[in-house]
Amino acid sequence: MKFLVTTVFVAWILISSAQCASNTWCYHLPTCNEAVWPAIVPLYCDGTRQSPIDIVPSDAKPDPELTQFTFHNFDSKSALESMENTGQTVKVNFKSGMTISGGGLSEPYDSLQFHLHWGNGASHAGSEHTVDGKRYPMELHIVSGKSHYNGNLTQTIADPTGLSVLGFFIEEMSNDEIEEPASWKMLTSYLGSILYKDDSVLMEPGISLDDLLDGVDRTNYYRYLGSLTSPDCNEAVVWTVFKEPIKVSKDLIDLFSTTVHISDSSSPFMINNYRNIQPMQPVMTN
Ligand SMILES: *[C@@H]1O[C@H](CO)[C@@H](O)[C@H](O)[C@H]1NC(C)=O
Ligand SMILES: [Zn+2]
């Protein structure tokens, strides 16, 4: 009887850890960080058009099809619905009605959410893409899916251009006397309400995406075909990486790595939640 119980228990351990291996990934432990993603999530982290990449501006080919974007409802001050701690990032979910078109995209895309990647304070950079090897303090990703799939994620990620991600670098402001810009001060004021994994807070009307992207010339960008930068790393992303960074003061950048935790109150702060660069892909520019 004791043997049977032990056998069943050992089998249970094996099954649970096997499930864990395929479901759980992380940034902070050697057992689940990006070094093992290709092994634990071979579909698709072991693929051939993976993101992020290092962008080499002198190698980017000019493409006249890369026209200007039209951003619909990015000026709405009530379109940011909620902020969430996913355990891996801070994500802001949008209400429906935000779309992007143009920008060399084949059709309109519905914008769904943005989330962020960062290092450890403004001094330890944590953008995902790099430019000529330069890593910025943070990177913001606006995720959109082809409108005609009506939010069907299965169909969206099965399409090699099903998702569009707009990447914006975040750079430290040179003048750090005050917390700026006001839109980012308001955005980061919600971090205290999502300290732990799965915490979520409704956002009050007040800031728009345009406010958060203030000062960035959105007519200058790089384009390449890549993947999601976290498991399952689906190769379904049309990447747009804007050349100009958003400028945010150091105090506000530092809040990300000193406020939210990856799990409960006994877990570490969420830091260095970025993937390192992957083999290069052809990059276009407008
Ligand atoms: C999404 O599309 C797939 C494939 O066409 C279909 O099987 C599935 O039922 C759809 N899911 C939803 C939630 O509509
Ligand atoms: Zn991202």
# chains A, B, ... in the order shown; residues from 1 in each chain; ligands from 1
call {"tool": "select_by_dssp", "arguments": {"residues": "stretch 24-267 of chain A", "states": "helix (DSSP H, G or I)", "output": "number ranges by chain"}}
result
A: 37-40, 42-45, 57-59, 147-149, 153-158, 182-188, 191-193, 209-212, 250-259
call {"tool": "residues_near_ligand", "arguments": {"ligand": "ligand 1", "cutoff": "10 Å", "atoms": "only C-alpha atoms and all ligand atoms", "output": "list in words"}}
result
Tyr149, Asn150, Gly151, Asn152, Leu153, Thr154, Gln155, Thr156 and Ala158 of chain A
call {"tool": "residues_around", "arguments": {"residues": "A:Ser111", "least_positions_apart": "4", "cutoff": "7 Å", "atoms": "only C-alpha atoms", "output": "list of chain:residue names"}}
result
A:Met98, A:Thr99, A:Ile100, A:Val143, A:Ser144, A:Gly145
call {"tool": "residues_near_ligand", "arguments": {"ligand": "ligand 2", "cutoff": "7 Å", "atoms": "only C-alpha atoms and all ligand atoms", "output": "compact mmCIF listing (two decimals) with N, CA, C and O atoms, in the first residue's frame"}}
result
# COMPACT_ATOMS: atom_id res chain seq x y z
N HIS A 115 1.44 47.31 -23.34
CA HIS A 115 2.16 46.85 -22.16
C HIS A 115 3.59 47.35 -22.28
O HIS A 115 3.96 47.92 -23.31
N LEU A 116 4.38 47.12 -21.24
CA LEU A 116 5.71 47.72 -21.18
C LEU A 116 6.79 46.70 -20.83
O LEU A 116 6.50 45.68 -20.21
N HIS A 117 7.98 47.00 -21.26
CA HIS A 117 9.16 46.21 -20.91
C HIS A 117 10.18 47.17 -20.31
O HIS A 117 10.33 48.29 -20.78
N LEU A 140 7.49 50.48 -25.04
CA LEU A 140 6.04 50.35 -24.96
C LEU A 140 5.54 49.65 -26.22
O LEU A 140 5.96 50.00 -27.32
N HIS A 141 4.66 48.67 -26.06
CA HIS A 141 4.11 47.92 -27.19
C HIS A 141 2.60 48.07 -27.27
O HIS A 141 1.89 47.64 -26.37
N THR A 229 7.29 38.63 -28.38
CA THR A 229 8.58 38.52 -27.70
C THR A 229 8.51 37.71 -26.42
O THR A 229 9.47 37.65 -25.67
call {"tool": "closest_residue", "arguments": {"among": "A:Gln113, A:Ser249, A:Asn276, A:Asn120", "to": "A:Lys185", "atoms": "only C-alpha atoms"}}
result
A:Ser249
call {"tool": "residues_around", "arguments": {"residues": "A:Met280", "least_positions_apart": "3", "cutoff": "10 Å", "atoms": "only C-alpha atoms", "output": "count of residues only"}}
result
13
call {"tool": "select_by_dssp", "arguments": {"residues": "stretch 208-265 of chain A", "states": "strand (DSSP E)", "output": "PyMOL selection string"}}
result
chain A and resi 221-226+237-242+246-248
call {"tool": "write_last_selection", "arguments": {"atoms": "all heavy atoms", "output": "compact mmCIF listing (two decimals), in the first residue's frame"}}
result
# COMPACT_ATOMS: atom_id res chain seq x y z
N TYR A 221 9.56 55.51 -39.02
CA TYR A 221 9.57 54.20 -38.35
C TYR A 221 10.30 53.13 -39.16
O TYR A 221 10.57 53.29 -40.34
CB TYR A 221 8.13 53.75 -38.07
CG TYR A 221 7.23 53.58 -39.29
CD1 TYR A 221 7.21 52.39 -40.00
CD2 TYR A 221 6.40 54.62 -39.72
CE1 TYR A 221 6.38 52.23 -41.11
CE2 TYR A 221 5.58 54.47 -40.83
CZ TYR A 221 5.58 53.27 -41.52
OH TYR A 221 4.77 53.12 -42.62
N TYR A 222 10.62 52.03 -38.46
CA TYR A 222 11.18 50.82 -39.09
C TYR A 222 10.09 49.77 -39.16
O TYR A 222 9.17 49.75 -38.34
CB TYR A 222 12.34 50.27 -38.26
CG TYR A 222 13.47 51.24 -38.08
CD1 TYR A 222 13.69 51.87 -36.85
CD2 TYR A 222 14.33 51.54 -39.14
CE1 TYR A 222 14.73 52.77 -36.68
CE2 TYR A 222 15.37 52.44 -38.97
CZ TYR A 222 15.57 53.05 -37.75
OH TYR A 222 16.59 53.95 -37.57
N ARG A 223 10.22 48.87 -40.12
CA ARG A 223 9.23 47.80 -40.31
C ARG A 223 9.93 46.48 -40.55
O ARG A 223 10.88 46.41 -41.33
CB ARG A 223 8.36 48.16 -41.54
CG ARG A 223 7.51 47.04 -42.15
CD ARG A 223 6.42 46.53 -41.23
NE ARG A 223 5.68 47.55 -40.52
CZ ARG A 223 4.67 48.29 -41.06
NH1 ARG A 223 4.30 48.07 -42.30
NH2 ARG A 223 4.06 49.20 -40.33
N TYR A 224 9.52 45.44 -39.87
CA TYR A 224 9.97 44.08 -40.20
C TYR A 224 8.93 43.07 -39.73
O TYR A 224 8.04 43.42 -38.95
CB TYR A 224 11.36 43.78 -39.58
CG TYR A 224 11.34 43.45 -38.10
CD1 TYR A 224 11.35 42.12 -37.68
CD2 TYR A 224 11.31 44.44 -37.13
CE1 TYR A 224 11.33 41.79 -36.33
CE2 TYR A 224 11.29 44.13 -35.78
CZ TYR A 224 11.30 42.80 -35.38
OH TYR A 224 11.27 42.48 -34.05
N LEU A 225 9.03 41.85 -40.22
CA LEU A 225 8.12 40.78 -39.82
C LEU A 225 8.79 39.93 -38.75
O LEU A 225 9.90 39.45 -38.96
CB LEU A 225 7.74 39.92 -41.03
CG LEU A 225 6.99 40.65 -42.15
CD1 LEU A 225 6.73 39.71 -43.32
CD2 LEU A 225 5.68 41.24 -41.62
N GLY A 226 8.10 39.78 -37.61
CA GLY A 226 8.70 39.03 -36.50
C GLY A 226 7.66 38.29 -35.69
O GLY A 226 6.66 37.80 -36.23
N VAL A 237 3.54 38.69 -36.23
CA VAL A 237 3.58 40.12 -35.94
C VAL A 237 4.23 40.95 -37.05
O VAL A 237 5.36 40.67 -37.47
CB VAL A 237 4.34 40.40 -34.61
CG1 VAL A 237 4.34 41.89 -34.30
CG2 VAL A 237 3.72 39.61 -33.46
N VAL A 238 3.49 41.97 -37.51
CA VAL A 238 4.06 43.03 -38.33
C VAL A 238 4.59 44.07 -37.35
O VAL A 238 3.81 44.73 -36.66
CB VAL A 238 3.00 43.70 -39.23
CG1 VAL A 238 3.64 44.79 -40.09
CG2 VAL A 238 2.28 42.67 -40.09
N TRP A 239 5.90 44.19 -37.26
CA TRP A 239 6.49 45.11 -36.30
C TRP A 239 6.69 46.50 -36.90
O TRP A 239 7.16 46.63 -38.03
CB TRP A 239 7.86 44.59 -35.82
CG TRP A 239 7.73 43.67 -34.65
CD1 TRP A 239 7.75 42.29 -34.68
CD2 TRP A 239 7.56 44.05 -33.28
NE1 TRP A 239 7.57 41.81 -33.41
CE2 TRP A 239 7.46 42.85 -32.54
CE3 TRP A 239 7.46 45.28 -32.62
CZ2 TRP A 239 7.27 42.85 -31.16
CZ3 TRP A 239 7.28 45.28 -31.26
CH2 TRP A 239 7.18 44.08 -30.54
N THR A 240 6.34 47.51 -36.11
CA THR A 240 6.64 48.90 -36.43
C THR A 240 7.40 49.45 -35.24
O THR A 240 6.88 49.42 -34.12
CB THR A 240 5.36 49.73 -36.63
OG1 THR A 240 4.56 49.10 -37.63
CG2 THR A 240 5.69 51.16 -37.03
N VAL A 241 8.62 49.87 -35.44
CA VAL A 241 9.39 50.45 -34.34
C VAL A 241 9.68 51.90 -34.70
O VAL A 241 10.32 52.19 -35.73
CB VAL A 241 10.70 49.67 -34.09
CG1 VAL A 241 11.51 50.32 -32.98
CG2 VAL A 241 10.41 48.20 -33.76
N PHE A 242 9.15 52.82 -33.89
CA PHE A 242 9.29 54.24 -34.17
C PHE A 242 10.69 54.72 -33.79
O PHE A 242 11.27 54.27 -32.81
CB PHE A 242 8.20 55.03 -33.45
CG PHE A 242 6.84 54.75 -34.05
CD1 PHE A 242 6.08 53.68 -33.60
CD2 PHE A 242 6.36 55.51 -35.10
CE1 PHE A 242 4.85 53.38 -34.18
CE2 PHE A 242 5.13 55.21 -35.69
CZ PHE A 242 4.38 54.15 -35.23
N ILE A 246 9.78 58.20 -26.67
CA ILE A 246 8.96 58.97 -25.74
C ILE A 246 9.91 59.40 -24.62
O ILE A 246 10.74 58.61 -24.18
CB ILE A 246 7.84 58.09 -25.13
CG1 ILE A 246 7.00 57.43 -26.21
CG2 ILE A 246 6.98 58.90 -24.16
CD1 ILE A 246 6.09 56.32 -25.67
N LYS A 247 9.78 60.64 -24.17
CA LYS A 247 10.68 61.10 -23.10
C LYS A 247 9.93 61.15 -21.76
O LYS A 247 8.89 61.79 -21.65
CB LYS A 247 11.27 62.45 -23.45
CG LYS A 247 12.20 62.32 -24.64
CD LYS A 247 13.12 63.50 -24.80
CE LYS A 247 14.22 63.14 -25.79
NZ LYS A 247 14.54 64.25 -26.68
N VAL A 248 10.48 60.45 -20.78
CA VAL A 248 9.84 60.33 -19.46
C VAL A 248 10.92 60.56 -18.40
O VAL A 248 12.07 60.13 -18.57
CB VAL A 248 9.22 58.92 -19.29
CG1 VAL A 248 8.62 58.75 -17.90
CG2 VAL A 248 8.15 58.65 -20.36
call {"tool": "residues_around", "arguments": {"residues": "A:Glu204", "least_positions_apart": "5", "cutoff": "12 Å", "atoms": "only C-alpha atoms", "output": "list of chain:residue names"}}
result
A:Lys77, A:Ser78, A:Ala79, A:Leu80, A:Glu81, A:Ser82, A:Met83, A:Met186, A:Leu187, A:Ser189, A:Tyr190
call {"tool": "atom_distance", "arguments": {"atom1": "atom CA of A:Arg275", "atom2": "atom CA of A:Tyr136"}}
result
13.2 Å
call {"tool": "closest_residue", "arguments": {"among": "A:Asn93, A:Ser227, A:Thr67, A:Val41", "to": "A:Met203", "atoms": "only C-alpha atoms"}}
result
A:Asn93
call {"tool": "atom_distance", "arguments": {"atom1": "atom CA of A:Asp198", "atom2": "atom CA of A:Glu139"}}
result
21.5 Å
call {"tool": "closest_residue", "arguments": {"among": "A:Ser58, A:Asp232, A:Asp251, A:Ser147", "to": "A:Ser123", "atoms": "only C-alpha atoms"}}
result
A:Asp251
call {"tool": "residues_around", "arguments": {"residues": "A:Glu107", "least_positions_apart": "2", "cutoff": "9 Å", "atoms": "only C-alpha atoms", "output": "PyMOL selection string"}}
result
chain A and resi 100-102+104-105+109+146-148
call {"tool": "closest_residue", "arguments": {"among": "A:Val131, A:Cys32, A:Leu209, A:Leu195", "to": "A:Leu255", "atoms": "only C-alpha atoms"}}
result
A:Leu195
call {"tool": "atom_distance", "arguments": {"atom1": "atom CA of A:Pro231", "atom2": "atom CA of A:Gln281"}}
result
19.3 Å
call {"tool": "residues_around", "arguments": {"residues": "A:Asn234", "least_positions_apart": "6", "cutoff": "8 Å", "atoms": "only C-alpha atoms", "output": "list of chain:residue names"}}
result
A:Leu43, A:Tyr44, A:Cys45, A:Ile157, A:Ser227, A:Leu228
